[in-house]
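Below is my_file.pdb, which holds PDB, C-alpha atoms.
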ATOM      1  CA  MET L  11    -172.244  -7.351 -18.284
ATOM      2  CA  THR L  12    -173.497  -5.603 -15.210
ATOM      3  CA  PRO L  13    -177.126  -5.389 -14.175
ATOM      4  CA  PRO L  14    -178.961  -2.421 -15.613
ATOM      5  CA  SER L  15    -178.892   0.684 -13.515
ATOM      6  CA  PRO L  16    -182.306   1.731 -12.318
ATOM      7  CA  GLY L  17    -183.758   4.839 -13.874
ATOM      8  CA  GLU L  18    -184.568   8.037 -12.108
ATOM      9  CA  ARG L  19    -186.659   7.146  -9.117
ATOM     10  CA  PRO L  20    -187.489   9.757  -6.510
ATOM     11  CA  SER L  21    -186.323   9.253  -2.953
ATOM     12  CA  ALA L  22    -187.698  10.911   0.142
ATOM     13  CA  ALA L  23    -184.750  13.317  -0.037
ATOM     14  CA  GLY L  24    -185.749  14.400  -3.562
ATOM     15  CA  GLY L  25    -182.905  12.731  -5.519
ATOM     16  CA  PRO L  26    -183.129   9.378  -7.299
ATOM     17  CA  ALA L  27    -183.792   6.523  -4.887
ATOM     18  CA  THR L  28    -181.192   3.814  -4.596
ATOM     19  CA  ASP L  29    -182.006   0.116  -4.611
ATOM     20  CA  ALA L  30    -181.344   0.057  -0.865
ATOM     21  CA  GLU L  31    -183.889   2.818  -0.234
ATOM     22  CA  LEU L  32    -186.479   1.178  -2.457
ATOM     23  CA  ILE L  33    -185.902  -2.203  -0.808
ATOM     24  CA  ALA L  34    -186.429  -0.674   2.631
ATOM     25  CA  ARG L  35    -189.641   0.999   1.480
ATOM     26  CA  ALA L  36    -190.867  -2.172  -0.252
ATOM     27  CA  GLN L  37    -190.108  -4.164   2.900
ATOM     28  CA  ALA L  38    -192.314  -1.717   4.750
ATOM     29  CA  GLY L  39    -195.132  -2.552   2.329
ATOM     30  CA  ASP L  40    -194.762   0.199  -0.287
ATOM     31  CA  VAL L  41    -196.042  -1.361  -3.531
ATOM     32  CA  ALA L  42    -194.923   1.599  -5.663
ATOM     33  CA  ALA L  43    -191.379   1.263  -4.326
ATOM     34  CA  PHE L  44    -191.403  -2.453  -5.111
ATOM     35  CA  GLU L  45    -192.627  -1.774  -8.650
ATOM     36  CA  SER L  46    -190.014   0.926  -9.159
ATOM     37  CA  LEU L  47    -187.265  -1.341  -7.835
ATOM     38  CA  SER L  48    -188.278  -4.428  -9.812
ATOM     39  CA  GLY L  49    -189.467  -2.501 -12.859
ATOM     40  CA  ALA L  50    -185.880  -1.484 -13.590
ATOM     41  CA  TYR L  51    -185.132  -5.156 -14.292
ATOM     42  CA  ALA L  52    -188.486  -6.139 -15.811
ATOM     43  CA  ASP L  53    -187.560  -6.027 -19.509
ATOM     44  CA  ARG L  54    -184.367  -7.974 -18.994
ATOM     45  CA  LEU L  55    -186.094 -10.486 -16.741
ATOM     46  CA  PHE L  56    -188.855 -10.993 -19.289
ATOM     47  CA  MET L  57    -186.247 -11.561 -21.999
ATOM     48  CA  LEU L  58    -184.595 -14.194 -19.810
ATOM     49  CA  LEU L  59    -187.928 -15.968 -19.333
ATOM     50  CA  LEU L  60    -188.567 -15.888 -23.080
ATOM     51  CA  ARG L  61    -185.179 -17.473 -23.675
ATOM     52  CA  LEU L  62    -185.690 -20.147 -21.052
ATOM     53  CA  LEU L  63    -189.325 -20.945 -21.853
ATOM     54  CA  GLY L  64    -189.613 -20.209 -25.558
ATOM     55  CA  ASP L  65    -193.271 -19.283 -25.258
ATOM     56  CA  ARG L  66    -194.462 -15.714 -24.891
ATOM     57  CA  GLY L  67    -197.745 -16.508 -23.158
ATOM     58  CA  GLU L  68    -196.058 -18.770 -20.639
ATOM     59  CA  ALA L  69    -193.275 -16.211 -20.100
ATOM     60  CA  GLU L  70    -195.924 -13.570 -19.300
ATOM     61  CA  ASP L  71    -197.596 -15.865 -16.752
ATOM     62  CA  VAL L  72    -194.284 -16.799 -15.164
ATOM     63  CA  ALA L  73    -193.165 -13.146 -15.078
ATOM     64  CA  GLN L  74    -196.272 -12.297 -13.049
ATOM     65  CA  GLU L  75    -195.570 -15.225 -10.734
ATOM     66  CA  VAL L  76    -191.957 -14.083 -10.298
ATOM     67  CA  MET L  77    -193.067 -10.604  -9.276
ATOM     68  CA  LEU L  78    -195.685 -12.007  -6.914
ATOM     69  CA  ARG L  79    -193.111 -14.274  -5.258
ATOM     70  CA  ALA L  80    -190.596 -11.447  -5.055
ATOM     71  CA  TRP L  81    -193.212  -9.206  -3.445
ATOM     72  CA  ARG L  82    -194.161 -11.890  -0.955
ATOM     73  CA  GLY L  83    -190.527 -12.689  -0.228
ATOM     74  CA  ILE L  84    -188.972  -9.247  -0.080
ATOM     75  CA  GLY L  85    -189.541  -9.056   3.661
ATOM     76  CA  GLY L  86    -186.950 -11.826   3.976
ATOM     77  CA  PHE L  87    -184.421 -10.280   1.566
ATOM     78  CA  ARG L  88    -181.267  -9.645   3.591
ATOM     79  CA  GLY L  89    -179.014  -8.252   0.872
ATOM     80  CA  ARG L  90    -176.538 -11.138   0.892
ATOM     81  CA  SER L  91    -176.693 -10.911  -2.909
ATOM     82  CA  SER L  92    -177.719  -7.975  -5.094
ATOM     83  CA  TYR L  93    -181.432  -7.479  -5.607
ATOM     84  CA  PHE L  94    -180.918  -8.266  -9.302
ATOM     85  CA  THR L  95    -179.323 -11.641  -8.481
ATOM     86  CA  TRP L  96    -182.079 -12.453  -5.990
ATOM     87  CA  LEU L  97    -184.817 -11.573  -8.505
ATOM     88  CA  TYR L  98    -183.131 -13.513 -11.319
ATOM     89  CA  ARG L  99    -182.827 -16.548  -9.077
ATOM     90  CA  ILE L 100    -186.570 -16.478  -8.438
ATOM     91  CA  ALA L 101    -187.084 -16.201 -12.211
ATOM     92  CA  VAL L 102    -184.863 -19.208 -12.976
ATOM     93  CA  ASN L 103    -186.602 -21.267 -10.282
ATOM     94  CA  GLU L 104    -190.027 -20.361 -11.620
ATOM     95  CA  ALA L 105    -188.973 -21.054 -15.217
ATOM     96  CA  ASN L 106    -187.696 -24.476 -14.161
ATOM     97  CA  ARG L 107    -190.929 -25.156 -12.314
ATOM     98  CA  ALA L 108    -192.919 -24.224 -15.429
ATOM     99  CA  LEU L 109    -190.709 -26.433 -17.606
ATOM    100  CA  GLU L 110    -191.193 -29.367 -15.242
ATOM    101  CA  LYS L 111    -194.959 -28.888 -15.389
ATOM    102  CA  ARG L 112    -194.781 -28.720 -19.161
ATOM    103  CA  ALA L 113    -192.640 -31.856 -19.334
ATOM    104  CA  ARG L 114    -195.238 -33.737 -17.295
ATOM    105  CA  ARG L 115    -197.965 -32.525 -19.656
ATOM    106  CA  THR L 116    -196.120 -33.194 -22.914
ATOM    107  CA  ALA L 117    -193.208 -35.561 -22.495
ATOM    108  CA  GLY L 118    -190.352 -34.696 -24.834
ATOM    109  CA  ALA L 119    -191.788 -31.488 -26.253
ATOM    110  CA  SER L 120    -189.130 -28.926 -27.106
ATOM    111  CA  LEU L 121    -189.306 -25.165 -27.077
ATOM    112  CA  GLY L 122    -190.558 -23.086 -29.957
ATOM    113  CA  PRO L 123    -187.450 -21.733 -31.643
ATOM    114  CA  ASP L 124    -189.426 -18.880 -33.153
ATOM    115  CA  GLU L 125    -190.006 -17.521 -29.684
ATOM    116  CA  LEU L 126    -186.350 -17.864 -28.830
ATOM    117  CA  GLN L 127    -185.270 -15.703 -31.723
ATOM    118  CA  LEU L 128    -184.214 -12.293 -30.729
ATOM    119  CA  PRO L 129    -184.392  -8.981 -32.516
ATOM    120  CA  ALA L 130    -181.700  -8.337 -35.070
ATOM    121  CA  PRO L 131    -179.355  -5.484 -34.343
ATOM    122  CA  ALA L 132    -180.006  -2.558 -36.658
ATOM    123  CA  ALA L 133    -177.661  -1.061 -39.273
ATOM    124  CA  GLU L 134    -176.100  -4.199 -40.715
ATOM    125  CA  GLU L 135    -175.531  -4.564 -44.433
ATOM    126  CA  PRO L 136    -178.264  -6.690 -46.059
ATOM    127  CA  SER L 137    -176.009  -9.670 -46.795
ATOM    128  CA  ARG L 138    -174.477  -9.599 -43.326
ATOM    129  CA  GLN L 139    -177.943  -9.152 -41.877
ATOM    130  CA  ALA L 140    -179.180 -12.278 -43.673
ATOM    131  CA  GLU L 141    -176.202 -14.294 -42.439
ATOM    132  CA  ALA L 142    -176.607 -13.000 -38.906
ATOM    133  CA  SER L 143    -180.306 -13.723 -39.009
ATOM    134  CA  GLU L 144    -179.659 -17.282 -40.169
ATOM    135  CA  LEU L 145    -177.089 -17.789 -37.419
ATOM    136  CA  ARG L 146    -179.531 -16.449 -34.817
ATOM    137  CA  MET L 147    -182.123 -18.919 -36.100
ATOM    138  CA  VAL L 148    -179.842 -21.937 -35.801
ATOM    139  CA  LEU L 149    -178.586 -20.748 -32.415
ATOM    140  CA  ALA L 150    -182.161 -20.393 -31.213
ATOM    141  CA  GLN L 151    -182.981 -23.888 -32.410
ATOM    142  CA  ALA L 152    -179.892 -25.354 -30.735
ATOM    143  CA  LEU L 153    -180.624 -23.574 -27.448
ATOM    144  CA  ALA L 154    -184.228 -24.764 -27.578
ATOM    145  CA  GLU L 155    -183.115 -28.361 -27.766
ATOM    146  CA  LEU L 156    -180.865 -28.236 -24.696
ATOM    147  CA  PRO L 157    -182.025 -29.765 -21.410
ATOM    148  CA  PRO L 158    -183.160 -26.938 -19.069
ATOM    149  CA  PRO L 159    -180.110 -26.954 -16.711
ATOM    150  CA  LEU L 160    -177.717 -26.654 -19.662
ATOM    151  CA  ARG L 161    -179.888 -24.027 -21.360
ATOM    152  CA  THR L 162    -179.982 -22.000 -18.139
ATOM    153  CA  ALA L 163    -176.186 -22.135 -17.827
ATOM    154  CA  ILE L 164    -175.428 -20.999 -21.378
ATOM    155  CA  VAL L 165    -178.119 -18.308 -21.358
ATOM    156  CA  LEU L 166    -176.941 -16.804 -18.053
ATOM    157  CA  ARG L 167    -173.237 -16.898 -18.869
ATOM    158  CA  ASP L 168    -172.977 -16.408 -22.625
ATOM    159  CA  VAL L 169    -176.207 -14.679 -23.650
ATOM    160  CA  GLU L 170    -176.744 -12.566 -20.533
ATOM    161  CA  GLY L 171    -173.005 -12.102 -20.044
ATOM    162  CA  LEU L 172    -173.094 -12.609 -16.273
ATOM    163  CA  SER L 173    -169.959 -13.600 -14.398
ATOM    164  CA  THR L 174    -169.572 -17.283 -13.568
ATOM    165  CA  GLN L 175    -169.977 -16.477  -9.872
ATOM    166  CA  GLU L 176    -173.216 -14.561 -10.352
ATOM    167  CA  ALA L 177    -174.620 -17.006 -12.907
ATOM    168  CA  ALA L 178    -173.863 -19.978 -10.642
ATOM    169  CA  GLU L 179    -175.561 -18.231  -7.742
ATOM    170  CA  ILE L 180    -178.643 -17.548  -9.845
ATOM    171  CA  ALA L 181    -178.692 -21.141 -11.132
ATOM    172  CA  GLY L 182    -178.432 -22.343  -7.532
ATOM    173  CA  VAL L 183    -175.318 -24.500  -7.998
ATOM    174  CA  GLY L 184    -171.629 -24.236  -7.134
ATOM    175  CA  GLN L 185    -169.226 -22.718  -9.627
ATOM    176  CA  ALA L 186    -167.628 -26.069 -10.559
ATOM    177  CA  ALA L 187    -171.010 -27.635 -11.310
ATOM    178  CA  PHE L 188    -172.060 -24.539 -13.212
ATOM    179  CA  LYS L 189    -168.946 -24.606 -15.388
ATOM    180  CA  SER L 190    -169.476 -28.261 -16.132
ATOM    181  CA  ARG L 191    -172.997 -27.453 -17.357
ATOM    182  CA  LEU L 192    -171.756 -24.498 -19.371
ATOM    183  CA  HIS L 193    -169.072 -26.537 -21.147
ATOM    184  CA  GLN L 194    -171.538 -29.332 -21.902
ATOM    185  CA  ALA L 195    -174.027 -26.809 -23.265
ATOM    186  CA  ARG L 196    -171.467 -25.150 -25.524
ATOM    187  CA  MET L 197    -170.293 -28.501 -26.854
ATOM    188  CA  ARG L 198    -173.838 -29.535 -27.682
ATOM    189  CA  VAL L 199    -174.619 -26.252 -29.412
ATOM    190  CA  ARG L 200    -171.345 -26.428 -31.321
ATOM    191  CA  ASP L 201    -172.115 -29.995 -32.397
ATOM    192  CA  ALA L 202    -175.612 -28.963 -33.489
ATOM    193  CA  ILE L 203    -174.418 -26.020 -35.591
ATOM    194  CA  GLY L 204    -171.109 -27.293 -36.869
ATOM    195  CA  ASP L 205    -167.620 -25.792 -36.807
ATOM    196  CA  GLN L 206    -167.779 -24.766 -40.453
ATOM    197  CA  VAL L 207    -170.770 -22.494 -39.924
ATOM    198  CA  LEU L 208    -169.438 -21.080 -36.670
ATOM    199  CA  ALA L 209    -165.902 -20.505 -37.880
ATOM    200  CA  SER L 210    -167.128 -18.688 -40.991
ATOM    201  CA  ALA L 211    -169.566 -16.632 -38.902
ATOM    202  CA  GLY L 212    -166.660 -15.585 -36.743
ATOM    203  CA  GLY L 213    -164.911 -14.177 -39.771
TER     204      GLY L 213
ATOM    205  CA  MET Z   7    -148.748 -47.024 -34.191
ATOM    206  CA  GLY Z   8    -148.132 -45.611 -30.716
ATOM    207  CA  GLY Z   9    -147.829 -42.158 -32.265
ATOM    208  CA  VAL Z  10    -151.163 -42.520 -34.039
ATOM    209  CA  MET Z  11    -152.863 -43.669 -30.846
ATOM    210  CA  SER Z  12    -151.266 -40.867 -28.885
ATOM    211  CA  ARG Z  13    -152.393 -38.332 -31.486
ATOM    212  CA  ALA Z  14    -155.918 -39.753 -31.393
ATOM    213  CA  ARG Z  15    -155.948 -39.506 -27.593
ATOM    214  CA  GLU Z  16    -154.676 -35.928 -27.709
ATOM    215  CA  HIS Z  17    -157.322 -35.100 -30.314
ATOM    216  CA  ARG Z  18    -160.164 -36.475 -28.162
ATOM    217  CA  TRP Z  19    -158.839 -34.632 -25.112
ATOM    218  CA  SER Z  20    -158.457 -31.369 -27.041
ATOM    219  CA  GLN Z  21    -161.917 -31.582 -28.560
ATOM    220  CA  ALA Z  22    -163.406 -32.158 -25.106
ATOM    221  CA  HIS Z  23    -161.663 -29.098 -23.674
ATOM    222  CA  LEU Z  24    -162.258 -26.434 -26.323
ATOM    223  CA  SER Z  25    -164.810 -24.610 -24.186
ATOM    224  CA  HIS Z  26    -162.500 -24.741 -21.142
ATOM    225  CA  TYR Z  27    -159.733 -23.340 -23.343
ATOM    226  CA  VAL Z  28    -161.834 -20.436 -24.593
ATOM    227  CA  GLU Z  29    -163.182 -19.764 -21.089
ATOM    228  CA  GLY Z  30    -159.650 -19.625 -19.664
ATOM    229  CA  ASP Z  31    -160.340 -22.575 -17.388
ATOM    230  CA  LEU Z  32    -157.253 -24.577 -18.313
ATOM    231  CA  GLY Z  33    -154.102 -24.359 -16.245
ATOM    232  CA  PRO Z  34    -150.823 -23.460 -17.983
ATOM    233  CA  LEU Z  35    -149.809 -27.071 -18.630
ATOM    234  CA  ALA Z  36    -153.182 -28.069 -20.050
ATOM    235  CA  ARG Z  37    -153.305 -24.932 -22.160
ATOM    236  CA  ARG Z  38    -149.894 -25.674 -23.627
ATOM    237  CA  ARG Z  39    -150.979 -29.271 -24.266
ATOM    238  CA  LEU Z  40    -153.955 -28.085 -26.295
ATOM    239  CA  ASP Z  41    -151.921 -25.399 -28.073
ATOM    240  CA  ARG Z  42    -149.319 -28.009 -29.062
ATOM    241  CA  HIS Z  43    -151.955 -30.350 -30.490
ATOM    242  CA  ALA Z  44    -153.929 -27.601 -32.251
ATOM    243  CA  ARG Z  45    -150.828 -26.356 -34.064
ATOM    244  CA  ASP Z  46    -150.842 -29.513 -36.181
ATOM    245  CA  CYS Z  47    -154.541 -30.352 -36.112
ATOM    246  CA  VAL Z  48    -156.777 -28.543 -38.588
ATOM    247  CA  ASP Z  49    -159.955 -29.765 -36.824
ATOM    248  CA  CYS Z  50    -158.899 -28.501 -33.414
ATOM    249  CA  GLY Z  51    -157.643 -25.200 -34.801
ATOM    250  CA  ARG Z  52    -161.034 -24.726 -36.458
ATOM    251  CA  GLY Z  53    -162.701 -25.938 -33.253
ATOM    252  CA  ILE Z  54    -161.065 -23.161 -31.238
ATOM    253  CA  ARG Z  55    -162.189 -20.548 -33.771
ATOM    254  CA  ALA Z  56    -165.683 -22.055 -33.807
ATOM    255  CA  MET Z  57    -165.955 -22.044 -30.018
ATOM    256  CA  ARG Z  58    -164.831 -18.414 -29.864
ATOM    257  CA  ALA Z  59    -167.317 -17.525 -32.598
ATOM    258  CA  LEU Z  60    -170.081 -19.366 -30.737
ATOM    259  CA  VAL Z  61    -169.483 -17.460 -27.503
ATOM    260  CA  TYR Z  62    -169.322 -14.198 -29.463
ATOM    261  CA  ALA Z  63    -172.534 -14.968 -31.350
ATOM    262  CA  LEU Z  64    -174.397 -15.920 -28.183
ATOM    263  CA  GLY Z  65    -173.382 -12.621 -26.622
ATOM    264  CA  GLY Z  66    -174.841 -10.788 -29.593
ATOM    265  CA  LEU Z  67    -178.253 -12.388 -29.524
ATOM    266  CA  GLY Z  68    -179.802  -9.098 -28.561
ATOM    267  CA  GLY Z  69    -180.606  -7.095 -25.495
ATOM    268  CA  PRO Z  70    -183.694  -5.906 -23.760
ATOM    269  CA  ALA Z  71    -184.069  -3.001 -26.173
ATOM    270  CA  GLY Z  72    -186.105  -5.148 -28.547
ATOM    271  CA  VAL Z  73    -188.354  -6.839 -26.034
ATOM    272  CA  ARG Z  74    -190.495  -5.141 -23.417
ATOM    273  CA  ALA Z  75    -191.980  -6.760 -20.362
ATOM    274  CA  PRO Z  76    -195.765  -6.923 -20.532
ATOM    275  CA  ALA Z  77    -197.650  -4.123 -18.819
ATOM    276  CA  THR Z  78    -199.376  -6.747 -16.685
ATOM    277  CA  ILE Z  79    -196.175  -7.934 -15.020
ATOM    278  CA  PHE Z  80    -197.205  -6.433 -11.643
ATOM    279  CA  ALA Z  81    -200.868  -7.364 -12.013
ATOM    280  CA  ARG Z  82    -200.795  -9.775  -9.091
ATOM    281  CA  VAL Z  83    -198.713  -7.578  -6.805
ATOM    282  CA  GLY Z  84    -200.478  -5.374  -4.311
ATOM    283  CA  PRO Z  85    -201.484  -4.955  -0.707
ATOM    284  CA  ALA Z  86    -203.756  -7.958  -1.050
ATOM    285  CA  GLY Z  87    -202.770  -9.140  -4.550
ATOM    286  CA  SER Z  88    -205.412  -9.482  -7.228
ATOM    287  CA  ASP Z  89    -205.335 -13.225  -6.595
ATOM    288  CA  GLY Z  90    -206.572 -12.594  -3.064
ATOM    289  CA  SER Z  91    -203.201 -13.298  -1.452
ATOM    290  CA  ALA Z  92    -202.222 -11.391   1.608
ATOM    291  CA  ALA Z  93    -199.404  -8.852   1.636
ATOM    292  CA  PRO Z  94    -196.108 -10.345   2.781
ATOM    293  CA  PHE Z  95    -195.827  -8.289   5.912
ATOM    294  CA  ALA Z  96    -198.061  -6.696   8.492
ATOM    295  CA  ARG Z  97    -198.434  -2.950   8.392
TER     296      ARG Z  97
END

Whole structure given in structure tokens:
Amino acid sequence: MTPPSPGERPSAAGGPATDAELIARAQAGDVAAFESLSGAYADRLFMLLLRLLGDRGEAEDVAQEVMLRAWRGIGGFRGRSSYFTWLYRIAVNEANRALEKRARRTAGASLGPDELQLPAPAAEEPSRQAEASELRMVLAQALAELPPPLRTAIVLRDVEGLSTQEAAEIAGVGQAAFKSRLHQARMRVRDAIGDQVLASAGG
Amino acid sequence: MGGVMSRAREHRWSQAHLSHYVEGDLGPLARRRLDRHARDCVDCGRGIRAMRALVYALGGLGGPAGVRAPATIFARVGPAGSDGSAAPFAR
């Protein structure tokens, strides 16, 4: 999956502004340019935070913190990665920071699986919809119970559909370490759900 | 006896590498090793299908269409930030 393409955003020349133009304007202190640039990724970033944190209120707070940190840090953005990757990396770091804080407050507390559930795709037959809904519920529960580094790996690679290279960069680890986390995460989720359920869900 | 132990070892190894198999992370020799074992092992054959189904199901958990970022996401961003922070650069 590739990052979403930004919507129509006016440039000085009259056409839609590119990320590079918006970055340059944001680096010069243009708040509107920063909001236009980052706003293109806001929904997806918020979804990522919901998946990693499992709490809507906390995800909203962290999303604000991510944007604040991105705004403060954009002067140092050098374009070695895409803006999307850079922003997502800030989001993962902030989510991990929030999870660490939470762990100190409530040792051993897990995420709320209800918050991790995602909207059902439309236009499925009722019976298939019920099965899919049940599978989403057990997947959400299994993801919620993973340790944060494993949850981050499986969400970035399998849920978000990012390449291993991009996901590893966002997670802040090398590709070998990232793959090790991903495989561990999948094995744990598979163990939690069971081959019978998964194999039948796969048709 | 040796055959049973060897089969048990191959089973443990195959079960531990199902995700690598599905991800395409096994080299040709390792892939053939798992293929050979899975041909005669119902559990590992089902395990491969389950791992593929898991990756497929995770990819279908839904996209941003159903969830919108809160309108307040940029509330703290600004020339001086609503939290009183300074802008990141001099103008």

Given the PyMOL selection byres ((chain L) within 7 of (chain Z)), the residues it picks as a ChimeraX atom specification
/L:39,41,52-54,56-57,70,73-74,77-78,81-83,85,128-131,146,168-171,193,196,205,208-209,211-212

Separation of CA of Pro159 in chain L and CA of Phe87 in chain L, in Å?
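If I compute the distance from CA of Pro159 in chain L to CA of Phe87 in chain L, I get 25.1 Å.
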
Given 5 Å on each side, where is the centre and what are the edge lengths in Å to one decimal of the axis-aligned box enclosing the listed atoms of range 98-110 of chain L, as JSON?
{"center_x": -187.9, "center_y": -21.4, "center_z": -13.0, "size_x": 20.1, "size_y": 25.9, "size_z": 19.2}

Once you count all atoms listed in the file, which residues end up no further than 7 Å from (-188.1, -12.7, -9.4) in the file's frame, shown as a PyMOL selection string?
chain L and resi 76-77+79-80+96-101

Could you work out how far CA of Glu75 in chain L lies from CA of Glu104 in chain L, giving the answer in Å with one decimal?
7.6 Å

One decimal, Å: what's the distance from CA of Ala178 in chain L over to CA of Ala163 in chain L, could you say?
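These two atoms are separated by 7.9 Å.
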
Among L:Ile164, L:Leu63, L:Val102, L:Ala154, Ser190 in chain L is approached most closely, using all atoms listed in the file, by L:Ile164

Using the chain letters and numbers from this file, what does the PyMOL selection byres ((chain L and resi 30) around 12) select? Give the answer as an NGL selection string.
:L and (16 or 21 or 26-29 or 31-37 or 43-44 or 47 or 87-89 or 92-94)

Choose the residue, out of Z:Arg15, Z:Arg45, Z:Arg39, Z:Gly9, that has the smallest atom-to-atom separation from Tyr27 in chain Z; count only C-alpha atoms.
Z:Arg39

Write out as a compact mmCIF listing (two decimals) with C-alpha atoms, in the coordinates of the input which residues come within 7 Å of Ala105 in chain L when counting only C-alpha atoms, dropping same-chain ones fewer than 2 positions away.
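The resulting selection37.txt:
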# COMPACT_ATOMS: atom_id res chain seq x y z
CA LEU L 59 -187.93 -15.97 -19.33
CA LEU L 62 -185.69 -20.15 -21.05
CA LEU L 63 -189.32 -20.94 -21.85
CA VAL L 72 -194.28 -16.80 -15.16
CA ALA L 101 -187.08 -16.20 -12.21
CA VAL L 102 -184.86 -19.21 -12.98
CA ASN L 103 -186.60 -21.27 -10.28
CA ARG L 107 -190.93 -25.16 -12.31
CA ALA L 108 -192.92 -24.22 -15.43
CA LEU L 109 -190.71 -26.43 -17.61

Exercise: residues within 12 Å of coordinate (-148.6, -34.5, -27.8), counting only C-alpha atoms, as a PDB file with C-alpha atoms, in the coordinates of the input:
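The resulting result-v4.pdb:
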ATOM      1  CA  GLY Z   8    -148.132 -45.611 -30.716  1.00  0.00           C
ATOM      2  CA  GLY Z   9    -147.829 -42.158 -32.265  1.00  0.00           C
ATOM      3  CA  VAL Z  10    -151.163 -42.520 -34.039  1.00  0.00           C
ATOM      4  CA  MET Z  11    -152.863 -43.669 -30.846  1.00  0.00           C
ATOM      5  CA  SER Z  12    -151.266 -40.867 -28.885  1.00  0.00           C
ATOM      6  CA  ARG Z  13    -152.393 -38.332 -31.486  1.00  0.00           C
ATOM      7  CA  ALA Z  14    -155.918 -39.753 -31.393  1.00  0.00           C
ATOM      8  CA  ARG Z  15    -155.948 -39.506 -27.593  1.00  0.00           C
ATOM      9  CA  GLU Z  16    -154.676 -35.928 -27.709  1.00  0.00           C
ATOM     10  CA  HIS Z  17    -157.322 -35.100 -30.314  1.00  0.00           C
ATOM     11  CA  ARG Z  18    -160.164 -36.475 -28.162  1.00  0.00           C
ATOM     12  CA  TRP Z  19    -158.839 -34.632 -25.112  1.00  0.00           C
ATOM     13  CA  SER Z  20    -158.457 -31.369 -27.041  1.00  0.00           C
ATOM     14  CA  LEU Z  35    -149.809 -27.071 -18.630  1.00  0.00           C
ATOM     15  CA  ALA Z  36    -153.182 -28.069 -20.050  1.00  0.00           C
ATOM     16  CA  ARG Z  38    -149.894 -25.674 -23.627  1.00  0.00           C
ATOM     17  CA  ARG Z  39    -150.979 -29.271 -24.266  1.00  0.00           C
ATOM     18  CA  LEU Z  40    -153.955 -28.085 -26.295  1.00  0.00           C
ATOM     19  CA  ASP Z  41    -151.921 -25.399 -28.073  1.00  0.00           C
ATOM     20  CA  ARG Z  42    -149.319 -28.009 -29.062  1.00  0.00           C
ATOM     21  CA  HIS Z  43    -151.955 -30.350 -30.490  1.00  0.00           C
ATOM     22  CA  ALA Z  44    -153.929 -27.601 -32.251  1.00  0.00           C
ATOM     23  CA  ARG Z  45    -150.828 -26.356 -34.064  1.00  0.00           C
ATOM     24  CA  ASP Z  46    -150.842 -29.513 -36.181  1.00  0.00           C
ATOM     25  CA  CYS Z  47    -154.541 -30.352 -36.112  1.00  0.00           C
TER      26      CYS Z  47
END

I'd like to know which of L:Ala195, L:Ala152, L:Met147, L:Leu166 is closest to Glu179 in chain L, using only C-alpha atoms.
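Answer, going by the shortest atom-to-atom distance: L:Leu166.
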